[in-house]
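One file, target.cif, is given below (mmCIF, C-alpha atoms and all ligand atoms).
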```
data_start
loop_
_atom_site.group_PDB
_atom_site.id
_atom_site.type_symbol
_atom_site.label_atom_id
_atom_site.label_comp_id
_atom_site.auth_asym_id
_atom_site.auth_seq_id
_atom_site.Cartn_x
_atom_site.Cartn_y
_atom_site.Cartn_z
ATOM 1 C CA MET A 24 119.366 -14.018 109.581
ATOM 2 C CA GLN A 25 117.022 -14.384 106.622
ATOM 3 C CA GLN A 26 116.020 -11.371 104.572
ATOM 4 C CA ILE A 27 112.363 -10.408 104.701
ATOM 5 C CA ALA A 28 110.092 -8.438 102.363
ATOM 6 C CA ILE A 29 106.504 -7.283 102.596
ATOM 7 C CA GLY A 30 104.200 -8.363 99.791
ATOM 8 C CA VAL A 31 100.826 -6.726 99.174
ATOM 9 C CA ASP A 32 98.262 -8.138 96.776
ATOM 10 C CA LEU A 33 95.637 -5.488 96.113
ATOM 11 C CA GLY A 34 92.657 -7.105 94.411
ATOM 12 C CA GLY A 35 89.126 -6.046 93.559
ATOM 13 C CA THR A 36 87.662 -8.321 96.256
ATOM 14 C CA GLN A 37 90.487 -8.888 98.757
ATOM 15 C CA VAL A 38 93.497 -6.923 99.890
ATOM 16 C CA ARG A 39 96.197 -9.195 101.291
ATOM 17 C CA ALA A 40 99.564 -8.564 102.885
ATOM 18 C CA ALA A 41 102.324 -10.952 103.905
ATOM 19 C CA LEU A 42 105.793 -11.137 105.351
ATOM 20 C CA VAL A 43 107.834 -13.249 102.961
ATOM 21 C CA GLY A 44 111.284 -14.726 103.410
ATOM 22 C CA GLU A 45 113.909 -14.669 100.672
ATOM 23 C CA ALA A 46 113.138 -18.309 99.822
ATOM 24 C CA GLY A 47 109.569 -17.248 98.966
ATOM 25 C CA ASN A 48 108.275 -18.646 102.251
ATOM 26 C CA LEU A 49 105.213 -17.027 103.815
ATOM 27 C CA LEU A 50 106.017 -16.064 107.405
ATOM 28 C CA ALA A 51 102.751 -14.325 108.255
ATOM 29 C CA GLN A 52 99.785 -13.019 106.332
ATOM 30 C CA ALA A 53 96.614 -11.023 106.787
ATOM 31 C CA SER A 54 93.729 -10.012 104.564
ATOM 32 C CA GLU A 55 90.428 -8.185 104.475
ATOM 33 C CA PRO A 56 87.715 -7.510 101.885
ATOM 34 C CA THR A 57 88.666 -4.571 99.656
ATOM 35 C CA ASP A 58 86.512 -1.515 100.171
ATOM 36 C CA ALA A 59 86.581 -1.255 96.384
ATOM 37 C CA MET A 60 84.033 1.526 95.991
ATOM 38 C CA ALA A 61 85.385 3.751 98.811
ATOM 39 C CA GLY A 62 88.185 5.391 96.832
ATOM 40 C CA PRO A 63 91.986 5.311 96.993
ATOM 41 C CA GLU A 64 92.441 6.934 100.429
ATOM 42 C CA ARG A 65 90.427 4.203 102.102
ATOM 43 C CA VAL A 66 92.077 1.382 100.122
ATOM 44 C CA LEU A 67 95.559 2.694 100.971
ATOM 45 C CA SER A 68 94.688 2.905 104.634
ATOM 46 C CA GLN A 69 93.559 -0.727 104.439
ATOM 47 C CA ILE A 70 97.026 -1.628 103.092
ATOM 48 C CA SER A 71 98.840 0.355 105.829
ATOM 49 C CA HIS A 72 96.644 -1.182 108.503
ATOM 50 C CA LEU A 73 97.335 -4.767 107.331
ATOM 51 C CA VAL A 74 101.083 -4.175 107.066
ATOM 52 C CA GLU A 75 101.292 -2.507 110.492
ATOM 53 C CA GLY A 76 99.410 -5.447 111.973
ATOM 54 C CA LEU A 77 101.951 -7.883 110.538
ATOM 55 C CA LEU A 78 104.932 -5.882 111.749
ATOM 56 C CA GLU A 79 103.491 -5.576 115.244
ATOM 57 C CA THR A 80 103.744 -9.348 115.700
ATOM 58 C CA ASP A 81 107.534 -8.996 115.906
ATOM 59 C CA ARG A 82 109.106 -5.547 116.288
ATOM 60 C CA SER A 83 112.597 -6.946 115.642
ATOM 61 C CA LEU A 84 111.707 -7.653 112.000
ATOM 62 C CA GLN A 85 113.469 -5.406 109.516
ATOM 63 C CA PRO A 86 111.901 -5.869 106.085
ATOM 64 C CA LEU A 87 113.882 -4.644 103.084
ATOM 65 C CA GLY A 88 110.926 -3.135 101.284
ATOM 66 C CA VAL A 89 107.310 -3.326 100.208
ATOM 67 C CA GLY A 90 106.191 -4.831 96.902
ATOM 68 C CA VAL A 91 102.649 -4.119 95.783
ATOM 69 C CA SER A 92 100.662 -5.994 93.141
ATOM 70 C CA THR A 93 97.878 -3.847 91.698
ATOM 71 C CA PRO A 94 94.988 -4.552 89.354
ATOM 72 C CA GLY A 95 95.860 -3.074 86.021
ATOM 73 C CA PRO A 96 96.505 -1.583 83.756
ATOM 74 C CA VAL A 97 98.706 0.751 85.784
ATOM 75 C CA ASP A 98 101.659 2.642 84.276
ATOM 76 C CA THR A 99 104.353 1.329 86.607
ATOM 77 C CA THR A 100 107.052 3.560 85.072
ATOM 78 C CA THR A 101 105.311 6.658 86.474
ATOM 79 C CA GLY A 102 103.361 4.832 89.199
ATOM 80 C CA ILE A 103 100.192 6.683 88.196
ATOM 81 C CA ALA A 104 96.988 4.680 87.821
ATOM 82 C CA SER A 105 94.688 5.454 84.939
ATOM 83 C CA ASP A 106 91.374 3.682 85.136
ATOM 84 C CA ILE A 107 91.329 0.509 87.263
ATOM 85 C CA PRO A 108 88.051 -1.223 86.316
ATOM 86 C CA THR A 109 87.744 -3.097 89.646
ATOM 87 C CA LEU A 110 88.463 -0.137 91.969
ATOM 88 C CA ALA A 111 86.624 3.184 92.088
ATOM 89 C CA GLY A 112 88.303 6.585 91.982
ATOM 90 C CA PHE A 113 91.836 5.641 90.899
ATOM 91 C CA ASP A 114 91.791 7.543 87.604
ATOM 92 C CA GLY A 115 94.940 9.703 87.607
ATOM 93 C CA PHE A 116 95.826 8.683 91.170
ATOM 94 C CA PRO A 117 99.593 8.719 91.951
ATOM 95 C CA LEU A 118 99.504 5.226 93.417
ATOM 96 C CA ARG A 119 103.203 4.563 93.962
ATOM 97 C CA ALA A 120 103.918 8.024 95.417
ATOM 98 C CA GLU A 121 100.961 7.736 97.788
ATOM 99 C CA LEU A 122 102.044 4.244 98.860
ATOM 100 C CA GLN A 123 105.597 5.499 99.349
ATOM 101 C CA ARG A 124 104.312 8.303 101.581
ATOM 102 C CA ARG A 125 102.880 5.698 103.960
ATOM 103 C CA PHE A 126 105.995 3.550 104.363
ATOM 104 C CA ASP A 127 109.579 4.264 105.478
ATOM 105 C CA LEU A 128 110.710 1.430 103.194
ATOM 106 C CA PRO A 129 111.249 1.418 99.422
ATOM 107 C CA VAL A 130 108.003 0.628 97.575
ATOM 108 C CA SER A 131 107.808 -1.295 94.271
ATOM 109 C CA LEU A 132 104.649 -1.445 92.184
ATOM 110 C CA GLU A 133 103.718 -4.065 89.582
ATOM 111 C CA ASN A 134 100.668 -4.983 87.522
ATOM 112 C CA ASP A 135 99.064 -8.085 89.046
ATOM 113 C CA GLY A 136 99.581 -10.512 86.158
ATOM 114 C CA ILE A 137 103.289 -9.684 86.011
ATOM 115 C CA SER A 138 103.563 -9.959 89.776
ATOM 116 C CA ALA A 139 102.065 -13.455 89.777
ATOM 117 C CA ALA A 140 104.331 -14.486 86.885
ATOM 118 C CA ILE A 141 107.330 -13.345 88.942
ATOM 119 C CA GLY A 142 106.101 -15.372 91.931
ATOM 120 C CA GLU A 143 105.802 -18.540 89.833
ATOM 121 C CA TRP A 144 109.118 -17.854 88.083
ATOM 122 C CA ARG A 145 111.148 -17.313 91.262
ATOM 123 C CA TYR A 146 109.471 -19.732 93.638
ATOM 124 C CA GLY A 147 106.710 -21.703 91.943
ATOM 125 C CA ALA A 148 106.037 -23.996 89.004
ATOM 126 C CA GLY A 149 108.323 -22.021 86.673
ATOM 127 C CA LYS A 150 111.367 -21.975 88.942
ATOM 128 C CA GLY A 151 114.526 -22.267 86.875
ATOM 129 C CA CYS A 152 112.780 -21.490 83.548
ATOM 130 C CA ASP A 153 114.049 -18.582 81.446
ATOM 131 C CA ASP A 154 110.898 -18.462 79.338
ATOM 132 C CA LEU A 155 107.462 -18.800 80.844
ATOM 133 C CA ILE A 156 103.921 -17.568 80.439
ATOM 134 C CA TYR A 157 101.666 -17.252 83.460
ATOM 135 C CA ILE A 158 97.909 -17.046 82.903
ATOM 136 C CA THR A 159 95.315 -16.463 85.597
ATOM 137 C CA VAL A 160 91.764 -17.565 84.861
ATOM 138 C CA SER A 161 89.175 -16.287 87.314
ATOM 139 C CA THR A 162 86.662 -13.426 87.050
ATOM 140 C CA GLY A 163 88.804 -12.206 84.173
ATOM 141 C CA ILE A 164 91.926 -13.463 82.420
ATOM 142 C CA GLY A 165 95.319 -11.908 83.109
ATOM 143 C CA GLY A 166 98.906 -12.845 82.608
ATOM 144 C CA GLY A 167 102.577 -12.166 82.796
ATOM 145 C CA ILE A 168 105.580 -13.178 80.744
ATOM 146 C CA VAL A 169 109.210 -13.974 81.445
ATOM 147 C CA SER A 170 111.295 -14.100 78.279
ATOM 148 C CA GLY A 171 114.997 -14.839 78.009
ATOM 149 C CA GLY A 172 115.309 -14.751 81.802
ATOM 150 C CA ARG A 173 113.812 -11.254 82.025
ATOM 151 C CA VAL A 174 110.406 -10.020 83.073
ATOM 152 C CA LEU A 175 108.616 -8.689 80.000
ATOM 153 C CA ARG A 176 107.113 -5.360 81.081
ATOM 154 C CA GLY A 177 106.737 -3.530 77.787
ATOM 155 C CA ARG A 178 105.879 0.150 77.410
ATOM 156 C CA LYS A 179 104.604 1.615 80.716
ATOM 157 C CA GLY A 180 105.110 -1.773 82.405
ATOM 158 C CA MET A 181 101.755 -2.995 81.160
ATOM 159 C CA ALA A 182 102.674 -6.066 79.069
ATOM 160 C CA GLY A 183 100.918 -9.377 79.506
ATOM 161 C CA HIS A 184 97.244 -8.418 79.303
ATOM 162 C CA VAL A 185 96.639 -11.701 77.498
ATOM 163 C CA GLY A 186 92.902 -11.690 78.260
ATOM 164 C CA HIS A 187 92.313 -8.954 75.721
ATOM 165 C CA MET A 188 93.598 -10.531 72.558
ATOM 166 C CA ALA A 189 90.477 -10.615 70.434
ATOM 167 C CA ILE A 190 89.592 -14.053 69.118
ATOM 168 C CA VAL A 191 86.090 -13.471 67.683
ATOM 169 C CA LEU A 192 85.089 -10.681 65.300
ATOM 170 C CA ASP A 193 82.219 -8.663 66.854
ATOM 171 C CA GLY A 194 81.962 -11.293 69.584
ATOM 172 C CA GLU A 195 80.883 -11.171 73.225
ATOM 173 C CA ALA A 196 81.257 -7.864 75.080
ATOM 174 C CA CYS A 197 84.335 -7.714 77.313
ATOM 175 C CA PRO A 198 84.717 -5.715 80.549
ATOM 176 C CA CYS A 199 87.577 -3.835 78.821
ATOM 177 C CA GLY A 200 85.042 -2.163 76.539
ATOM 178 C CA SER A 201 85.899 -4.142 73.416
ATOM 179 C CA ARG A 202 84.317 -7.280 71.957
ATOM 180 C CA GLY A 203 85.410 -10.817 71.247
ATOM 181 C CA CYS A 204 88.332 -10.919 73.718
ATOM 182 C CA PHE A 205 89.791 -14.191 75.024
ATOM 183 C CA GLU A 206 88.560 -13.086 78.482
ATOM 184 C CA ALA A 207 85.006 -12.592 77.205
ATOM 185 C CA TYR A 208 84.958 -16.281 76.194
ATOM 186 C CA ALA A 209 87.218 -18.204 78.558
ATOM 187 C CA SER A 210 87.133 -16.426 81.954
ATOM 188 C CA GLY A 211 85.255 -18.007 84.865
ATOM 189 C CA THR A 212 82.608 -15.316 84.416
ATOM 190 C CA ALA A 213 82.139 -16.168 80.734
ATOM 191 C CA PHE A 214 82.055 -19.888 81.517
ATOM 192 C CA ALA A 215 79.258 -19.451 84.097
ATOM 193 C CA ARG A 216 77.336 -17.125 81.775
ATOM 194 C CA ARG A 217 77.478 -19.695 78.964
ATOM 195 C CA ALA A 218 76.331 -22.402 81.370
ATOM 196 C CA ARG A 219 73.300 -20.323 82.440
ATOM 197 C CA LEU A 220 72.425 -19.615 78.838
ATOM 198 C CA VAL A 221 72.435 -23.215 77.604
ATOM 199 C CA ALA A 222 71.137 -24.873 80.791
ATOM 200 C CA ALA A 223 67.799 -23.096 80.416
ATOM 201 C CA GLY A 224 67.149 -24.892 77.133
ATOM 202 C CA ASP A 225 68.371 -28.347 78.158
ATOM 203 C CA ALA A 226 65.784 -30.727 79.638
ATOM 204 C CA GLN A 227 68.314 -33.336 80.789
ATOM 205 C CA THR A 228 70.777 -31.234 82.768
ATOM 206 C CA LYS A 229 70.587 -30.824 86.536
ATOM 207 C CA LEU A 230 72.168 -27.362 86.249
ATOM 208 C CA GLY A 231 69.857 -24.636 87.531
ATOM 209 C CA LYS A 232 67.184 -27.165 88.558
ATOM 210 C CA ASN A 233 67.958 -27.221 92.277
ATOM 211 C CA GLY A 234 67.086 -23.580 92.877
ATOM 212 C CA LYS A 235 70.729 -22.536 93.163
ATOM 213 C CA PRO A 236 72.232 -20.017 90.727
ATOM 214 C CA ILE A 237 74.641 -21.582 88.236
ATOM 215 C CA ASP A 238 78.299 -20.770 88.908
ATOM 216 C CA SER A 239 81.610 -22.268 87.762
ATOM 217 C CA ARG A 240 81.989 -24.477 90.804
ATOM 218 C CA GLY A 241 78.471 -25.872 90.355
ATOM 219 C CA VAL A 242 79.171 -26.801 86.733
ATOM 220 C CA PHE A 243 82.305 -28.759 87.702
ATOM 221 C CA LEU A 244 80.395 -30.462 90.508
ATOM 222 C CA ALA A 245 77.595 -31.473 88.124
ATOM 223 C CA GLY A 246 80.218 -32.697 85.667
ATOM 224 C CA ARG A 247 81.707 -34.983 88.295
ATOM 225 C CA GLU A 248 78.225 -36.345 88.942
ATOM 226 C CA GLY A 249 77.954 -37.283 85.272
ATOM 227 C CA ASP A 250 75.876 -34.373 83.959
ATOM 228 C CA ALA A 251 76.362 -34.484 80.187
ATOM 229 C CA LEU A 252 75.771 -30.786 79.547
ATOM 230 C CA ALA A 253 78.118 -29.767 82.355
ATOM 231 C CA ASN A 254 80.856 -31.968 80.917
ATOM 232 C CA ARG A 255 80.282 -30.564 77.455
ATOM 233 C CA LEU A 256 80.603 -27.016 78.843
ATOM 234 C CA ILE A 257 83.806 -27.909 80.687
ATOM 235 C CA ASP A 258 85.318 -29.485 77.564
ATOM 236 C CA GLU A 259 84.402 -26.367 75.612
ATOM 237 C CA GLU A 260 86.033 -24.175 78.289
ATOM 238 C CA ALA A 261 89.221 -26.258 78.106
ATOM 239 C CA GLU A 262 89.151 -25.959 74.319
ATOM 240 C CA LEU A 263 88.852 -22.147 74.527
ATOM 241 C CA LEU A 264 91.728 -21.994 76.999
ATOM 242 C CA GLY A 265 93.737 -24.296 74.741
ATOM 243 C CA ARG A 266 93.161 -22.004 71.757
ATOM 244 C CA GLY A 267 94.275 -18.931 73.679
ATOM 245 C CA ILE A 268 97.322 -20.710 75.054
ATOM 246 C CA THR A 269 98.247 -21.957 71.583
ATOM 247 C CA ASN A 270 98.260 -18.363 70.303
ATOM 248 C CA LEU A 271 100.551 -17.332 73.149
ATOM 249 C CA ILE A 272 102.861 -20.312 72.666
ATOM 250 C CA HIS A 273 103.273 -19.421 68.990
ATOM 251 C CA ILE A 274 104.120 -15.800 69.804
ATOM 252 C CA LEU A 275 106.401 -16.266 72.806
ATOM 253 C CA SER A 276 107.753 -19.839 72.569
ATOM 254 C CA PRO A 277 107.850 -20.501 76.315
ATOM 255 C CA GLU A 278 109.389 -23.493 78.082
ATOM 256 C CA ILE A 279 106.284 -23.786 80.216
ATOM 257 C CA VAL A 280 102.783 -22.323 80.616
ATOM 258 C CA VAL A 281 101.585 -21.892 84.204
ATOM 259 C CA ILE A 282 97.859 -21.622 84.944
ATOM 260 C CA GLY A 283 96.571 -19.970 88.126
ATOM 261 C CA GLY A 284 93.404 -18.240 89.332
ATOM 262 C CA GLY A 285 90.131 -19.643 90.645
ATOM 263 C CA LEU A 286 89.383 -21.885 87.665
ATOM 264 C CA ALA A 287 92.793 -23.518 88.078
ATOM 265 C CA ASN A 288 91.338 -25.241 91.141
ATOM 266 C CA GLU A 289 89.876 -27.545 88.480
ATOM 267 C CA PHE A 290 93.176 -27.866 86.655
ATOM 268 C CA ASP A 291 93.153 -31.690 86.659
ATOM 269 C CA ARG A 292 89.754 -31.761 84.951
ATOM 270 C CA LEU A 293 90.682 -29.118 82.356
ATOM 271 C CA HIS A 294 94.250 -30.112 81.597
ATOM 272 C CA PRO A 295 93.791 -33.186 79.330
ATOM 273 C CA ARG A 296 91.504 -31.263 76.987
ATOM 274 C CA ILE A 297 93.801 -28.194 76.969
ATOM 275 C CA ARG A 298 96.689 -30.521 76.145
ATOM 276 C CA ASP A 299 94.641 -32.161 73.398
ATOM 277 C CA CYS A 300 93.765 -28.773 71.886
ATOM 278 C CA ILE A 301 97.415 -27.681 71.802
ATOM 279 C CA SER A 302 98.382 -31.004 70.189
ATOM 280 C CA ARG A 303 95.812 -30.469 67.449
ATOM 281 C CA THR A 304 96.155 -26.744 66.819
ATOM 282 C CA ALA A 305 99.763 -25.718 67.540
ATOM 283 C CA MET A 306 102.428 -26.098 64.899
ATOM 284 C CA PRO A 307 104.264 -29.401 65.460
ATOM 285 C CA ALA A 308 107.414 -27.774 66.862
ATOM 286 C CA PHE A 309 105.366 -26.114 69.651
ATOM 287 C CA ARG A 310 103.200 -29.057 70.729
ATOM 288 C CA ASP A 311 105.402 -30.336 73.547
ATOM 289 C CA VAL A 312 105.207 -27.171 75.716
ATOM 290 C CA PRO A 313 103.973 -28.292 79.145
ATOM 291 C CA VAL A 314 100.945 -26.620 80.735
ATOM 292 C CA VAL A 315 101.108 -26.854 84.524
ATOM 293 C CA HIS A 316 99.181 -25.758 87.594
ATOM 294 C CA ALA A 317 100.510 -22.747 89.544
ATOM 295 C CA GLY A 318 102.857 -23.971 92.264
ATOM 296 C CA LEU A 319 101.965 -21.175 94.689
ATOM 297 C CA GLY A 320 98.196 -21.605 94.304
ATOM 298 C CA GLN A 321 96.358 -18.390 95.154
ATOM 299 C CA ASN A 322 99.572 -16.824 96.522
ATOM 300 C CA SER A 323 101.448 -16.317 93.227
ATOM 301 C CA GLY A 324 100.732 -12.561 93.176
ATOM 302 C CA LEU A 325 101.312 -12.035 96.890
ATOM 303 C CA ILE A 326 104.680 -13.819 96.918
ATOM 304 C CA GLY A 327 105.566 -12.296 93.536
ATOM 305 C CA ALA A 328 104.962 -8.812 94.970
ATOM 306 C CA ALA A 329 107.377 -9.538 97.819
ATOM 307 C CA ALA A 330 109.842 -10.951 95.284
ATOM 308 C CA LEU A 331 110.018 -7.487 93.640
ATOM 309 C CA VAL A 332 111.948 -6.377 96.701
ATOM 310 C CA PHE A 333 114.521 -9.177 96.309
ATOM 311 C CA LEU A 334 114.962 -8.828 92.500
HETATM 312 ZN ZN ZN A 401 88.833 -7.324 76.616
#
```
Could you express the structure from this file as structure tokens?
Amino acid sequence: MQQIAIGVDLGGTQVRAALVGEAGNLLAQASEPTDAMAGPERVLSQISHLVEGLLETDRSLQPLGVGVSTPGPVDTTTGIASDIPTLAGFDGFPLRAELQRRFDLPVSLENDGISAAIGEWRYGAGKGCDDLIYITVSTGIGGGIVSGGRVLRGRKGMAGHVGHMAIVLDGEACPCGSRGCFEAYASGTAFARRARLVAAGDAQTKLGKNGKPIDSRGVFLAGREGDALANRLIDEEAELLGRGITNLIHILSPEIVVIGGGLANEFDRLHPRIRDCISRTAMPAFRDVPVVHAGLGQNSGLIGAAALVFL
């Protein structure tokens, strides 16, 4: 009989739970919108409710444990959350202890970027690699690192917040409270903001002229339809990602860089320019590091959370 774990991916917009087999296979899953402003009690009851629903489908299932991916930064050595920017009321909340109180099974807790890196390392695009960097590009930019065959957790288990390396002195404001971060320039949010800013002053572009607000998806769509400004913005986005990735490659010397998150849906459009940037800006010995699309798609964190139970 195959071993089973429960994975929970707690996000700012969705909370998801899944039953996952030891081969990383999704057996069942459920999700609902996160009641992000309602406080920890409500969010934890959402998690319990989803997990109970999954277990009710087959009472003979005996999962080994529950792995939970949380938005960070959370000190996973104590399990106590400090301030989670995307969820209200978690400051000082004993997240792991409160989760443990709700389940009869062992509970593991991991910061979301690390969780997704583990998913890709064990079961996804980085399977078999001892050294990998995972980067998620969506509303923000997060990440996780495997180095020398070990998950790099750092002090308090908070390593891998790659979105907050500052790349511009006194640059754009970042949600973390600082300025000039990689995330403030290359996240999906930053990309859409830049598009709105320049589209207003461009007579030729179709962006923003059809009455719809400009978002990332719309820019890629316009690019495919030949919109020059949209394509320039996309190339610039790929260049920014390439710069950030080059920094990380120099520091960590990975075998592979895995890109996930919402913007990775456009991986094929972004990849050549990212590749080109690395070839121009990395030191020659680092230029051949492959950059690949996440193998588990939007499930890297969910499956990675379940993988914590099997590790
Ligand atoms: Zn930041």
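Taking atom CA of A:Gly211 as the reference point, atom CA of A:Ser54 is found at 22.9 Å.
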Problem set entry | Residues selected by the PyMOL selection byres (((chain A and resi 284-301) around 6) and not hetatm), written as a list in words |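 After applying the PyMOL selection byres (((chain A and resi 284-301) around 6) and not hetatm), what remains is Thr159, Val160, Ser161, Ala261, Glu262, Gly265, Thr269, Gly283, Ser302, Arg303, Thr304 and Ala305 of chain A.
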Output C-alpha atoms of each residue in that selection to a file, as a CSV table (one decimal), in the frame of the given file.
```csv
chain,number,residue,atom,x,y,z
A,159,THR,CA,95.3,-16.5,85.6
A,160,VAL,CA,91.8,-17.6,84.9
A,161,SER,CA,89.2,-16.3,87.3
A,261,ALA,CA,89.2,-26.3,78.1
A,262,GLU,CA,89.2,-26.0,74.3
A,265,GLY,CA,93.7,-24.3,74.7
A,269,THR,CA,98.2,-22.0,71.6
A,283,GLY,CA,96.6,-20.0,88.1
A,302,SER,CA,98.4,-31.0,70.2
A,303,ARG,CA,95.8,-30.5,67.4
A,304,THR,CA,96.2,-26.7,66.8
A,305,ALA,CA,99.8,-25.7,67.5
```
For this session: Using only C-alpha atoms and all ligand atoms, find each protein or nucleic acid residue lying at most 6 Å from ligand ZN 401 (chain A); present the set as a PyMOL selection string.
Result: chain A and resi 187+197-199+201+204
Exercise. What gap, in Å, lies between atom CA of A:Asp98 and atom CA of A:Arg266?
Worked result: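 Computed distance, atom CA of A:Asp98 to atom CA of A:Arg266, equals 28.9 Å.
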Exercise. Quick one: residues within 9 Å of A:His184, all atoms listed in the file counted, chain neighbours fewer than 2 positions away excluded, as number ranges by chain?
Worked result: A: 95-96, 136, 164-167, 181-182, 186-188
Next, dump the selected residues to file, keeping only C-alpha atoms, as a CSV table (one decimal), keeping the file's coordinate frame.
```csv
chain,number,residue,atom,x,y,z
A,95,GLY,CA,95.9,-3.1,86.0
A,96,PRO,CA,96.5,-1.6,83.8
A,136,GLY,CA,99.6,-10.5,86.2
A,164,ILE,CA,91.9,-13.5,82.4
A,165,GLY,CA,95.3,-11.9,83.1
A,166,GLY,CA,98.9,-12.8,82.6
A,167,GLY,CA,102.6,-12.2,82.8
A,181,MET,CA,101.8,-3.0,81.2
A,182,ALA,CA,102.7,-6.1,79.1
A,186,GLY,CA,92.9,-11.7,78.3
A,187,HIS,CA,92.3,-9.0,75.7
A,188,MET,CA,93.6,-10.5,72.6
```
Exercise. In Å, with one decimal, what is the gap from atom CA of A:Ser323 to atom CA of A:Asp114?
Worked result: 26.3 Å
Applying 9 Å and only C-alpha atoms, which residues near A:Ala120 remain after dropping the ones on its own chain fewer than 6 positions away? List them as an mmCIF file with C-alpha atoms, keeping the file's coordinate frame.
```
data_model
loop_
_atom_site.group_PDB
_atom_site.id
_atom_site.type_symbol
_atom_site.label_atom_id
_atom_site.label_comp_id
_atom_site.auth_asym_id
_atom_site.auth_seq_id
_atom_site.Cartn_x
_atom_site.Cartn_y
_atom_site.Cartn_z
ATOM 1 C CA GLY A 102 103.361 4.832 89.199
ATOM 2 C CA ILE A 103 100.192 6.683 88.196
ATOM 3 C CA VAL A 130 108.003 0.628 97.575
#
```
Can you put N, CA, C and O atoms back into stretch 151-164 of chain A and show it as a PDB file, in the coordinates of the input?
```pdb
ATOM      1  N   GLY A 151     113.436 -21.774  87.717  1.00  0.00           N
ATOM      2  CA  GLY A 151     114.526 -22.267  86.875  1.00  0.00           C
ATOM      3  C   GLY A 151     114.285 -22.099  85.384  1.00  0.00           C
ATOM      4  O   GLY A 151     115.175 -22.351  84.580  1.00  0.00           O
ATOM      5  N   CYS A 152     113.066 -21.679  84.982  1.00  0.00           N
ATOM      6  CA  CYS A 152     112.780 -21.490  83.548  1.00  0.00           C
ATOM      7  C   CYS A 152     113.134 -20.061  83.132  1.00  0.00           C
ATOM      8  O   CYS A 152     112.824 -19.109  83.835  1.00  0.00           O
ATOM      9  N   ASP A 153     113.746 -19.919  81.970  1.00  0.00           N
ATOM     10  CA  ASP A 153     114.049 -18.582  81.446  1.00  0.00           C
ATOM     11  C   ASP A 153     112.895 -18.009  80.630  1.00  0.00           C
ATOM     12  O   ASP A 153     112.849 -16.810  80.362  1.00  0.00           O
ATOM     13  N   ASP A 154     112.002 -18.902  80.196  1.00  0.00           N
ATOM     14  CA  ASP A 154     110.898 -18.462  79.338  1.00  0.00           C
ATOM     15  C   ASP A 154     109.595 -19.083  79.828  1.00  0.00           C
ATOM     16  O   ASP A 154     109.402 -20.295  79.696  1.00  0.00           O
ATOM     17  N   LEU A 155     108.739 -18.259  80.374  1.00  0.00           N
ATOM     18  CA  LEU A 155     107.462 -18.800  80.844  1.00  0.00           C
ATOM     19  C   LEU A 155     106.326 -17.812  80.626  1.00  0.00           C
ATOM     20  O   LEU A 155     106.528 -16.592  80.572  1.00  0.00           O
ATOM     21  N   ILE A 156     105.142 -18.375  80.491  1.00  0.00           N
ATOM     22  CA  ILE A 156     103.921 -17.568  80.439  1.00  0.00           C
ATOM     23  C   ILE A 156     103.069 -17.987  81.628  1.00  0.00           C
ATOM     24  O   ILE A 156     102.864 -19.176  81.860  1.00  0.00           O
ATOM     25  N   TYR A 157     102.611 -16.992  82.376  1.00  0.00           N
ATOM     26  CA  TYR A 157     101.666 -17.252  83.460  1.00  0.00           C
ATOM     27  C   TYR A 157     100.315 -16.708  83.025  1.00  0.00           C
ATOM     28  O   TYR A 157     100.223 -15.588  82.512  1.00  0.00           O
ATOM     29  N   ILE A 158      99.266 -17.504  83.226  1.00  0.00           N
ATOM     30  CA  ILE A 158      97.909 -17.046  82.903  1.00  0.00           C
ATOM     31  C   ILE A 158      97.014 -17.286  84.106  1.00  0.00           C
ATOM     32  O   ILE A 158      97.008 -18.389  84.664  1.00  0.00           O
ATOM     33  N   THR A 159      96.289 -16.276  84.529  1.00  0.00           N
ATOM     34  CA  THR A 159      95.315 -16.463  85.597  1.00  0.00           C
ATOM     35  C   THR A 159      93.913 -16.449  85.001  1.00  0.00           C
ATOM     36  O   THR A 159      93.583 -15.583  84.186  1.00  0.00           O
ATOM     37  N   VAL A 160      93.129 -17.453  85.363  1.00  0.00           N
ATOM     38  CA  VAL A 160      91.764 -17.565  84.861  1.00  0.00           C
ATOM     39  C   VAL A 160      90.819 -17.517  86.054  1.00  0.00           C
ATOM     40  O   VAL A 160      90.736 -18.471  86.831  1.00  0.00           O
ATOM     41  N   SER A 161      90.159 -16.393  86.227  1.00  0.00           N
ATOM     42  CA  SER A 161      89.175 -16.287  87.314  1.00  0.00           C
ATOM     43  C   SER A 161      88.033 -15.406  86.817  1.00  0.00           C
ATOM     44  O   SER A 161      87.477 -15.700  85.765  1.00  0.00           O
ATOM     45  N   THR A 162      87.706 -14.342  87.526  1.00  0.00           N
ATOM     46  CA  THR A 162      86.662 -13.426  87.050  1.00  0.00           C
ATOM     47  C   THR A 162      87.024 -12.928  85.656  1.00  0.00           C
ATOM     48  O   THR A 162      86.180 -12.861  84.769  1.00  0.00           O
ATOM     49  N   GLY A 163      88.292 -12.587  85.485  1.00  0.00           N
ATOM     50  CA  GLY A 163      88.804 -12.206  84.173  1.00  0.00           C
ATOM     51  C   GLY A 163      89.947 -13.146  83.791  1.00  0.00           C
ATOM     52  O   GLY A 163      90.112 -14.204  84.394  1.00  0.00           O
ATOM     53  N   ILE A 164      90.712 -12.727  82.774  1.00  0.00           N
ATOM     54  CA  ILE A 164      91.926 -13.463  82.420  1.00  0.00           C
ATOM     55  C   ILE A 164      93.077 -12.471  82.373  1.00  0.00           C
ATOM     56  O   ILE A 164      92.991 -11.433  81.709  1.00  0.00           O
TER      57      ILE A 164
END
```
